[in-house]
Structure formats: C-alpha cells, structure tokens
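Novice: A single structure is presented below for examination.
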Amino acid sequence: MEEDEDCPELVPITDIAPSDEPEAKIPVTIITGYLGAGKTTLLNYILTEQHNKRIAVIINEFGEGSAVEKSLAISQAGELYEEWLELRNGCLCCSVKDNGLKAIENLMQKKGKFDYILLETTGLADPGSVASMFWVDAELGSDIYLDGIVTVIDAKYAIQHLTEEKTEGLINEAARQVALADVIIINKVDLVSEQELEAVIVAARSINGVVKILKTQRSRVDLTEILDLHAFDSTFGESLQNKFITDATHPHLDKSIVTVTFEVAGSVNEEKLNLFIQDLLWEKNVKDGKGNAMDIIRLKGLVSVKDKAHQMILQGVHELYDLEETPVSWEDSTERINRMVFIGRNLDKDILKELFLEVVTS
C-alpha cells in the first residue's frame with residue numbers, strides 16, 4: 001500500500017550566502033492525473049530516491065493522502081501550516097491547500113537550494129488553468145518558466161475514467177488531463193494484461209495523438225524522461241519538427257476530444273495568423289460542419305512567418321496563446337513548412353486547414 005511507504009527524513013534548512021551572479025530561470029513541471037493514478041507515489045519516489053537532483057516538490061493537500069503528504073501537512077489550530085522542508089537527498093518539499101502559486105513565491109526566496117520545481121495538482125484539477133497562471137503572472141515569469149505537463153493515469157481504471165460521461169456536454173477531468181499532457185505515465189501496468197494495456201495506449205492516443213507515453217509500475221520512471229521537456233519554449237521547435245505526424249487519427253474512445261495535425265508549405269501573414277487564432281480561441285467563431293464551435297484545449301505549431309528569418313513556435317492552452325521566435329533559421333531547411341497540432345473538441349481537420357491556408361501569403 002502507498003500509505004505504508006516510509007516518510008522522507010528531514011534536515012534543517014540553512015541560509016545560503018547571496019550571489020552576485022545572474023540566476024537562470026527555474027523550470028516548473030506540472031504533475032497531474034486522476035484520483036488514485038499514482039501522482040503522490042511518483043513524488044514520494046522523487047523525494048526519497050538518490051538521483052543527484054535538487055528538486056522542489058509542491059504537493060497539494062487534496063491529493064491521494066500518502067505518508068509523505070500526511071507528514072508535511074502540519075496542522076496548527078486546524079489550519080495547514082506551510083513550511084518548506086529539506087530532505088536528505090537534496091530535495092525540498094511543501095504541502096499546500098491552494099494551486100501552489102503562493103508556495104512558489106515563498107520558495108523563490110530560497111534560490112540556490114534547488115534547480116527544478118514539480119507542482120502536483122489535485123486529481124480533479126484542470127492543469128491548463130494552472131499552466132496559464134505561469135503565462136499571465138509576469139513577475140513570477142521572471143524567475144521561473146513552464147517546462148511541461150506530465151499526466152499519470154491508472155492502467156486498470158483509465159478507460160473507465162476517460163469514458164465517464166459528464167452533464168451538459170462537459171469534458172471529464174481525466175480526458176482533459178490527457179489532452180493537455182506532454183508526457184503520459186501509464187502506471188500500475190502490472191495489474192493489467194498486454195491486451196488491456198494496449199487498449200489504454202490506444203485510448204490515450206485517440207485523445208492526444210502526439211504525446212510521449214511511458215509505462216511503469218509504482219510510478220518509478222527515469223527522471224530524464226519527464227524533466228527538461230522544454231514543451232512551452234522555443235527549443236520545442238526541433239522536437240515538433242522531428243516527431244511531427246501528419247495523421248494523428250486513431251480509433252476514438254471518446255469522440256469529444258481528438259487530435260488534428262497538418263502541414264502547409266509557405267509563409268504566413270502574422271497579422272492574419274493572429275486573427276485566425278483569436279477567432280478560434282477567443283471568439284469561438286470557428287465551427288465544425290455541424291455548426292458546433294471548435295473548442296481548443298491545446299495548440300502547438302511550428303510556423304514560418306513572412307519576412308522573418310527564424311522559425312516561430314506557436315503554443316496555446318485554452319484561450320491563451322503565444323508566438324515566439326526560435327534560434328533556428330529557415331536557411332537550414334530546404335522548404336518552409338508550417339506544422340500545426342490542434343487537440344480539442346468538435347475539431348474538423350478540413351475546415352481548420354482551409355482557414356489556415358487563408359493566412360498563408362501568396
């Protein structure tokens with residue numbers, strides 16, 4: 001049982017001398033997953049194993065209630081007392097009630113003690129909302145950057161969670177977490193057969209056709225597989241270019257969320273591209289063949305903008321999006337190709353591609 005695992009050993013935090021050297025931004029990885037999937041077990045593993053990494057872990061109090069979490073939820077007069085604790089393996093840990101922003105702000109006062117932040121969301125949380133906060137908080141953004149979203153799913157109950165119907169056409173939380181993921185960890189694979197595991201993989205890819213999938217037991221993974229993903233910055237362009245798939249169509253378990261990808265040659269008019277994205281994300285004016293508004297959960301793209309020598313990365317989560325220039329020059333490519341990935345609901349590939357072609361300059 002997860003509750004039987006040993007609590008991490010604690011040591012006092014000591015102050016460190018300030019340095020005049022400019023400090024690099026700290027990456028933040030969001031760990032999400034449905035209740036019971038194994039998020040806290042993953043964080044417990046990170047907090048107790050020797051991996052030579054200085055990771056600050058923020059555990060949400062409303063998680064799965066492991067021994068680690070209970071040991072950190074120090075109650076004073078019935079209220080949770082937030083305190084950063086240093087562990088023997090060099091990690092820092094904190095348990096919080098809210099979305100973790102306050103904990104991160106307090107953590108930044110301990111710069112130099114860590115070089116990575118892992119933030120756990122609650123099992124019913126929308127990781128997109130948490131991710132968006134790192135984009136809109138300019139002050140916080142000067143110290144940290146969003147590295148990626150890792151979703152843990154339970155091999156035994158994943159399909160049940162992903163197909164759970166919600167009222168009024170709402171997307172269920174498990175499916176949304178898969179749609180937003182940069183990496184999916186399928187946990188507890190020892191509890192299912194090969195055929196059942198393959199069904200889970202197909203189900204995940206039917207929602208998110210471009211995600212990286214890891215399979216494991218007891219949430220034990222190689223940390224290099226989930227850290228330093230650079231899924232939201234300019235260096236992601238090379239990954240998107242190398243791993244891009246032209247057809248992400250899979251058998252659909254949940255017809256409401258799909259992945260659409262396409263490639264279009266040429267360069268786009270930046271102003272028209274912004275209008276297209278705003279119509280899609282903000283105004284919800286882009287509709288499928290049945291008249292339903294297309295609902296974008298995650299958007300990724302490698303774009304060639306007219307009169308710009310470097311490749312541009314387009315990233316979007318819900319209504320927020322960003323267009324950022326990469327260090328990669330188009331001179332290194334034989335042809336300027338726009339590569340687009342849309343993950344969401346009511347998506348029509350033909351309509352999206354036709355509208356995108358209208359922003360390509362002649």
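Labels used: A, B, ... for chains in the order of the structure tokens, numbers from 1 for residues in each chain, and numbers from 1 for ligands as shown.
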Leaving out region 188-204 of chain A and any residue of its chain fewer than 2 positions from it, which residues lie within 7 Å of it when counting only C-alpha atoms, given as a list in words?
Specialist: Asp154, Ala155, Lys156, Ala158, Ile159, Val178, Ile186, Ser206, Ile207, Asn208, Lys215, Thr216, Gln217, Arg218, His252 and Leu253 of chain A
Novice: Output the selection as a short mmCIF file (atom, residue, chain, number, x, y, z; two decimals), in the first residue's frame - all heavy atoms for each residue.
Specialist:
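Full text of selection_21.cif as output:
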```cif
data_model
loop_
_atom_site.label_atom_id
_atom_site.label_comp_id
_atom_site.auth_asym_id
_atom_site.auth_seq_id
_atom_site.Cartn_x
_atom_site.Cartn_y
_atom_site.Cartn_z
N ASP A 154 -3.97 5.58 -14.43
CA ASP A 154 -4.05 4.24 -13.83
C ASP A 154 -4.40 3.24 -14.93
O ASP A 154 -5.47 3.32 -15.53
CB ASP A 154 -5.13 4.26 -12.75
CG ASP A 154 -5.20 2.97 -11.94
OD1 ASP A 154 -4.93 1.90 -12.52
OD2 ASP A 154 -5.53 3.03 -10.76
N ALA A 155 -3.49 2.29 -15.19
CA ALA A 155 -3.71 1.33 -16.27
C ALA A 155 -5.01 0.55 -16.09
O ALA A 155 -5.69 0.23 -17.07
CB ALA A 155 -2.53 0.37 -16.36
N LYS A 156 -5.37 0.25 -14.86
CA LYS A 156 -6.54 -0.60 -14.60
C LYS A 156 -7.85 0.15 -14.79
O LYS A 156 -8.84 -0.41 -15.28
CB LYS A 156 -6.46 -1.18 -13.18
CG LYS A 156 -7.50 -2.25 -12.89
CD LYS A 156 -7.24 -2.92 -11.56
CE LYS A 156 -8.26 -4.01 -11.27
NZ LYS A 156 -8.22 -5.11 -12.25
N ALA A 158 -8.12 3.43 -16.29
CA ALA A 158 -8.01 4.57 -17.20
C ALA A 158 -9.20 4.68 -18.15
O ALA A 158 -9.77 5.76 -18.32
CB ALA A 158 -6.71 4.47 -18.00
N ILE A 159 -9.56 3.59 -18.79
CA ILE A 159 -10.65 3.64 -19.77
C ILE A 159 -11.97 4.02 -19.10
O ILE A 159 -12.74 4.82 -19.63
CB ILE A 159 -10.76 2.31 -20.53
CG1 ILE A 159 -9.52 2.11 -21.41
CG2 ILE A 159 -12.03 2.26 -21.37
CD1 ILE A 159 -9.49 0.83 -22.19
N VAL A 178 -5.31 14.21 -20.06
CA VAL A 178 -4.60 13.51 -21.14
C VAL A 178 -4.40 14.45 -22.34
O VAL A 178 -3.33 14.48 -22.94
CB VAL A 178 -5.37 12.24 -21.57
CG1 VAL A 178 -4.82 11.69 -22.89
CG2 VAL A 178 -5.28 11.19 -20.48
N ILE A 186 1.71 5.79 -17.87
CA ILE A 186 0.71 4.76 -17.59
C ILE A 186 1.25 3.92 -16.44
O ILE A 186 2.21 3.18 -16.59
CB ILE A 186 0.42 3.89 -18.82
CG1 ILE A 186 -0.06 4.75 -19.99
CG2 ILE A 186 -0.62 2.82 -18.48
CD1 ILE A 186 -0.35 3.96 -21.26
N SER A 206 -5.95 8.29 -28.81
CA SER A 206 -7.15 8.76 -29.51
C SER A 206 -7.50 10.18 -29.09
O SER A 206 -8.13 10.93 -29.84
CB SER A 206 -8.33 7.82 -29.23
OG SER A 206 -8.85 8.02 -27.92
N ILE A 207 -7.05 10.56 -27.90
CA ILE A 207 -7.28 11.92 -27.40
C ILE A 207 -6.11 12.82 -27.75
O ILE A 207 -6.29 13.92 -28.28
CB ILE A 207 -7.50 11.89 -25.87
CG1 ILE A 207 -8.79 11.14 -25.54
CG2 ILE A 207 -7.54 13.30 -25.28
CD1 ILE A 207 -8.98 10.88 -24.05
N ASN A 208 -4.90 12.37 -27.44
CA ASN A 208 -3.68 13.16 -27.65
C ASN A 208 -2.75 12.36 -28.54
O ASN A 208 -2.03 11.48 -28.07
CB ASN A 208 -3.02 13.48 -26.30
CG ASN A 208 -1.88 14.45 -26.41
OD1 ASN A 208 -1.22 14.54 -27.45
ND2 ASN A 208 -1.62 15.18 -25.34
N LYS A 215 5.49 3.63 -19.68
CA LYS A 215 4.77 2.58 -18.96
C LYS A 215 5.59 2.18 -17.73
O LYS A 215 6.80 2.00 -17.83
CB LYS A 215 4.55 1.36 -19.86
CG LYS A 215 3.63 1.65 -21.05
CD LYS A 215 3.64 0.53 -22.07
CE LYS A 215 4.90 0.58 -22.93
NZ LYS A 215 4.89 -0.39 -24.04
N THR A 216 4.92 2.05 -16.59
CA THR A 216 5.68 1.79 -15.37
C THR A 216 4.84 1.11 -14.29
O THR A 216 3.60 1.00 -14.42
CB THR A 216 6.26 3.11 -14.80
OG1 THR A 216 7.16 2.80 -13.75
CG2 THR A 216 5.16 4.00 -14.28
N GLN A 217 5.51 0.68 -13.23
CA GLN A 217 4.88 0.18 -12.02
C GLN A 217 5.29 1.09 -10.86
O GLN A 217 6.41 1.58 -10.81
CB GLN A 217 5.34 -1.25 -11.71
CG GLN A 217 5.02 -2.26 -12.78
CD GLN A 217 5.57 -3.64 -12.44
OE1 GLN A 217 5.69 -4.01 -11.28
NE2 GLN A 217 5.92 -4.40 -13.46
N ARG A 218 4.35 1.33 -9.96
CA ARG A 218 4.62 2.15 -8.77
C ARG A 218 5.22 3.50 -9.10
O ARG A 218 6.01 4.07 -8.35
CB ARG A 218 5.50 1.39 -7.78
CG ARG A 218 4.86 0.12 -7.23
CD ARG A 218 5.69 -0.56 -6.16
NE ARG A 218 5.81 0.30 -4.98
CZ ARG A 218 4.87 0.43 -4.04
NH1 ARG A 218 3.72 -0.22 -4.17
NH2 ARG A 218 5.08 1.21 -3.01
N HIS A 252 -11.46 6.12 -31.85
CA HIS A 252 -11.81 7.05 -30.78
C HIS A 252 -12.67 6.41 -29.71
O HIS A 252 -13.74 5.89 -29.96
CB HIS A 252 -12.51 8.28 -31.35
CG HIS A 252 -11.60 9.14 -32.14
ND1 HIS A 252 -10.61 9.90 -31.57
CD2 HIS A 252 -11.48 9.32 -33.47
CE1 HIS A 252 -9.93 10.53 -32.51
NE2 HIS A 252 -10.44 10.19 -33.67
N LEU A 253 -12.15 6.47 -28.49
CA LEU A 253 -12.89 6.01 -27.33
C LEU A 253 -13.88 7.10 -26.93
O LEU A 253 -15.05 6.83 -26.67
CB LEU A 253 -11.90 5.76 -26.20
CG LEU A 253 -12.34 4.88 -25.06
CD1 LEU A 253 -12.32 3.42 -25.51
CD2 LEU A 253 -11.40 5.05 -23.88
#
```
Novice: Where in region 145-324 of chain A does DSSP assign alpha helix (DSSP H), given as number ranges by chain?
Specialist: A: 158-162, 173-180, 194-207, 236-243, 270-278
Novice: Atoms to include: N, CA and C atoms. Write the selected residues as a short mmCIF file (atom, residue, chain, number, x, y, z; two decimals), in the first residue's frame.
Specialist:
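This is the output file result_29.cif:
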```
data_model
loop_
_atom_site.label_atom_id
_atom_site.label_comp_id
_atom_site.auth_asym_id
_atom_site.auth_seq_id
_atom_site.Cartn_x
_atom_site.Cartn_y
_atom_site.Cartn_z
N ALA A 158 -8.12 3.43 -16.29
CA ALA A 158 -8.01 4.57 -17.20
C ALA A 158 -9.20 4.68 -18.15
N ILE A 159 -9.56 3.59 -18.79
CA ILE A 159 -10.65 3.64 -19.77
C ILE A 159 -11.97 4.02 -19.10
N GLN A 160 -12.19 3.49 -17.91
CA GLN A 160 -13.38 3.86 -17.16
C GLN A 160 -13.40 5.37 -16.87
N HIS A 161 -12.25 5.91 -16.47
CA HIS A 161 -12.18 7.35 -16.18
C HIS A 161 -12.33 8.19 -17.44
N LEU A 162 -11.70 7.75 -18.52
CA LEU A 162 -11.71 8.54 -19.76
C LEU A 162 -13.07 8.56 -20.43
N GLU A 173 -12.59 15.22 -16.39
CA GLU A 173 -11.27 15.71 -15.96
C GLU A 173 -10.14 14.82 -16.47
N ALA A 174 -10.34 13.51 -16.45
CA ALA A 174 -9.28 12.60 -16.88
C ALA A 174 -8.93 12.81 -18.35
N ALA A 175 -9.95 12.98 -19.19
CA ALA A 175 -9.71 13.20 -20.62
C ALA A 175 -9.01 14.54 -20.86
N ARG A 176 -9.38 15.55 -20.11
CA ARG A 176 -8.74 16.87 -20.26
C ARG A 176 -7.26 16.79 -19.85
N GLN A 177 -6.97 16.05 -18.79
CA GLN A 177 -5.59 15.91 -18.33
C GLN A 177 -4.73 15.20 -19.39
N VAL A 178 -5.31 14.21 -20.06
CA VAL A 178 -4.60 13.51 -21.14
C VAL A 178 -4.40 14.45 -22.34
N ALA A 179 -5.41 15.24 -22.65
CA ALA A 179 -5.33 16.15 -23.79
C ALA A 179 -4.23 17.19 -23.61
N LEU A 180 -3.99 17.62 -22.38
CA LEU A 180 -3.02 18.67 -22.12
C LEU A 180 -1.59 18.15 -21.90
N GLU A 194 -1.55 -7.60 -21.37
CA GLU A 194 -0.97 -6.88 -22.52
C GLU A 194 -2.08 -6.27 -23.37
N GLN A 195 -3.17 -7.02 -23.56
CA GLN A 195 -4.28 -6.52 -24.37
C GLN A 195 -4.95 -5.32 -23.71
N GLU A 196 -5.12 -5.38 -22.39
CA GLU A 196 -5.73 -4.26 -21.67
C GLU A 196 -4.83 -3.03 -21.71
N LEU A 197 -3.52 -3.26 -21.59
CA LEU A 197 -2.57 -2.15 -21.65
C LEU A 197 -2.60 -1.50 -23.03
N GLU A 198 -2.64 -2.29 -24.07
CA GLU A 198 -2.70 -1.75 -25.43
C GLU A 198 -3.97 -0.93 -25.63
N ALA A 199 -5.08 -1.37 -25.03
CA ALA A 199 -6.33 -0.62 -25.13
C ALA A 199 -6.21 0.75 -24.45
N VAL A 200 -5.47 0.80 -23.34
CA VAL A 200 -5.24 2.07 -22.64
C VAL A 200 -4.40 3.00 -23.51
N ILE A 201 -3.35 2.45 -24.14
CA ILE A 201 -2.50 3.27 -25.01
C ILE A 201 -3.30 3.83 -26.17
N VAL A 202 -4.13 2.99 -26.79
CA VAL A 202 -4.97 3.44 -27.91
C VAL A 202 -5.93 4.53 -27.44
N ALA A 203 -6.50 4.34 -26.24
CA ALA A 203 -7.42 5.34 -25.70
C ALA A 203 -6.74 6.68 -25.48
N ALA A 204 -5.52 6.65 -24.92
CA ALA A 204 -4.78 7.89 -24.68
C ALA A 204 -4.43 8.57 -26.00
N ARG A 205 -3.98 7.80 -26.97
CA ARG A 205 -3.59 8.39 -28.25
C ARG A 205 -4.78 8.85 -29.07
N SER A 206 -5.95 8.29 -28.81
CA SER A 206 -7.15 8.76 -29.51
C SER A 206 -7.50 10.18 -29.09
N ILE A 207 -7.05 10.56 -27.90
CA ILE A 207 -7.28 11.92 -27.40
C ILE A 207 -6.11 12.82 -27.75
N PHE A 236 11.37 23.85 -28.27
CA PHE A 236 10.44 22.77 -28.59
C PHE A 236 10.28 22.60 -30.10
N GLY A 237 10.68 23.61 -30.86
CA GLY A 237 10.51 23.55 -32.32
C GLY A 237 11.20 22.36 -32.95
N GLU A 238 12.41 22.07 -32.50
CA GLU A 238 13.15 20.95 -33.06
C GLU A 238 12.44 19.64 -32.78
N SER A 239 11.89 19.50 -31.57
CA SER A 239 11.17 18.29 -31.21
C SER A 239 9.92 18.13 -32.07
N LEU A 240 9.20 19.23 -32.26
CA LEU A 240 7.98 19.18 -33.06
C LEU A 240 8.30 18.83 -34.50
N GLN A 241 9.39 19.38 -35.02
CA GLN A 241 9.78 19.12 -36.40
C GLN A 241 10.20 17.66 -36.59
N ASN A 242 10.93 17.11 -35.60
CA ASN A 242 11.42 15.74 -35.73
C ASN A 242 10.34 14.70 -35.50
N LYS A 243 9.38 14.99 -34.61
CA LYS A 243 8.41 13.98 -34.23
C LYS A 243 7.03 14.22 -34.81
N GLU A 270 1.58 37.34 -40.41
CA GLU A 270 1.48 37.29 -38.95
C GLU A 270 0.18 37.89 -38.43
N GLU A 271 -0.25 38.99 -39.01
CA GLU A 271 -1.49 39.63 -38.56
C GLU A 271 -2.69 38.71 -38.81
N LYS A 272 -2.73 38.10 -40.00
CA LYS A 272 -3.83 37.18 -40.32
C LYS A 272 -3.79 35.94 -39.44
N LEU A 273 -2.58 35.47 -39.14
CA LEU A 273 -2.45 34.31 -38.26
C LEU A 273 -3.01 34.62 -36.88
N ASN A 274 -2.70 35.80 -36.35
CA ASN A 274 -3.23 36.18 -35.04
C ASN A 274 -4.75 36.27 -35.05
N LEU A 275 -5.30 36.80 -36.12
CA LEU A 275 -6.77 36.89 -36.23
C LEU A 275 -7.40 35.51 -36.28
N PHE A 276 -6.76 34.59 -37.01
CA PHE A 276 -7.25 33.21 -37.09
C PHE A 276 -7.24 32.54 -35.72
N ILE A 277 -6.13 32.68 -34.99
CA ILE A 277 -6.01 32.08 -33.67
C ILE A 277 -7.00 32.71 -32.69
N GLN A 278 -7.16 34.02 -32.76
CA GLN A 278 -8.08 34.70 -31.85
C GLN A 278 -9.53 34.32 -32.14
#
```
Novice: Could you check which of A:Leu101, A:Met340, A:Ala56, A:Ile46 is closest to Lys113 (chain A), using only C-alpha atoms?
Specialist: A:Ala56
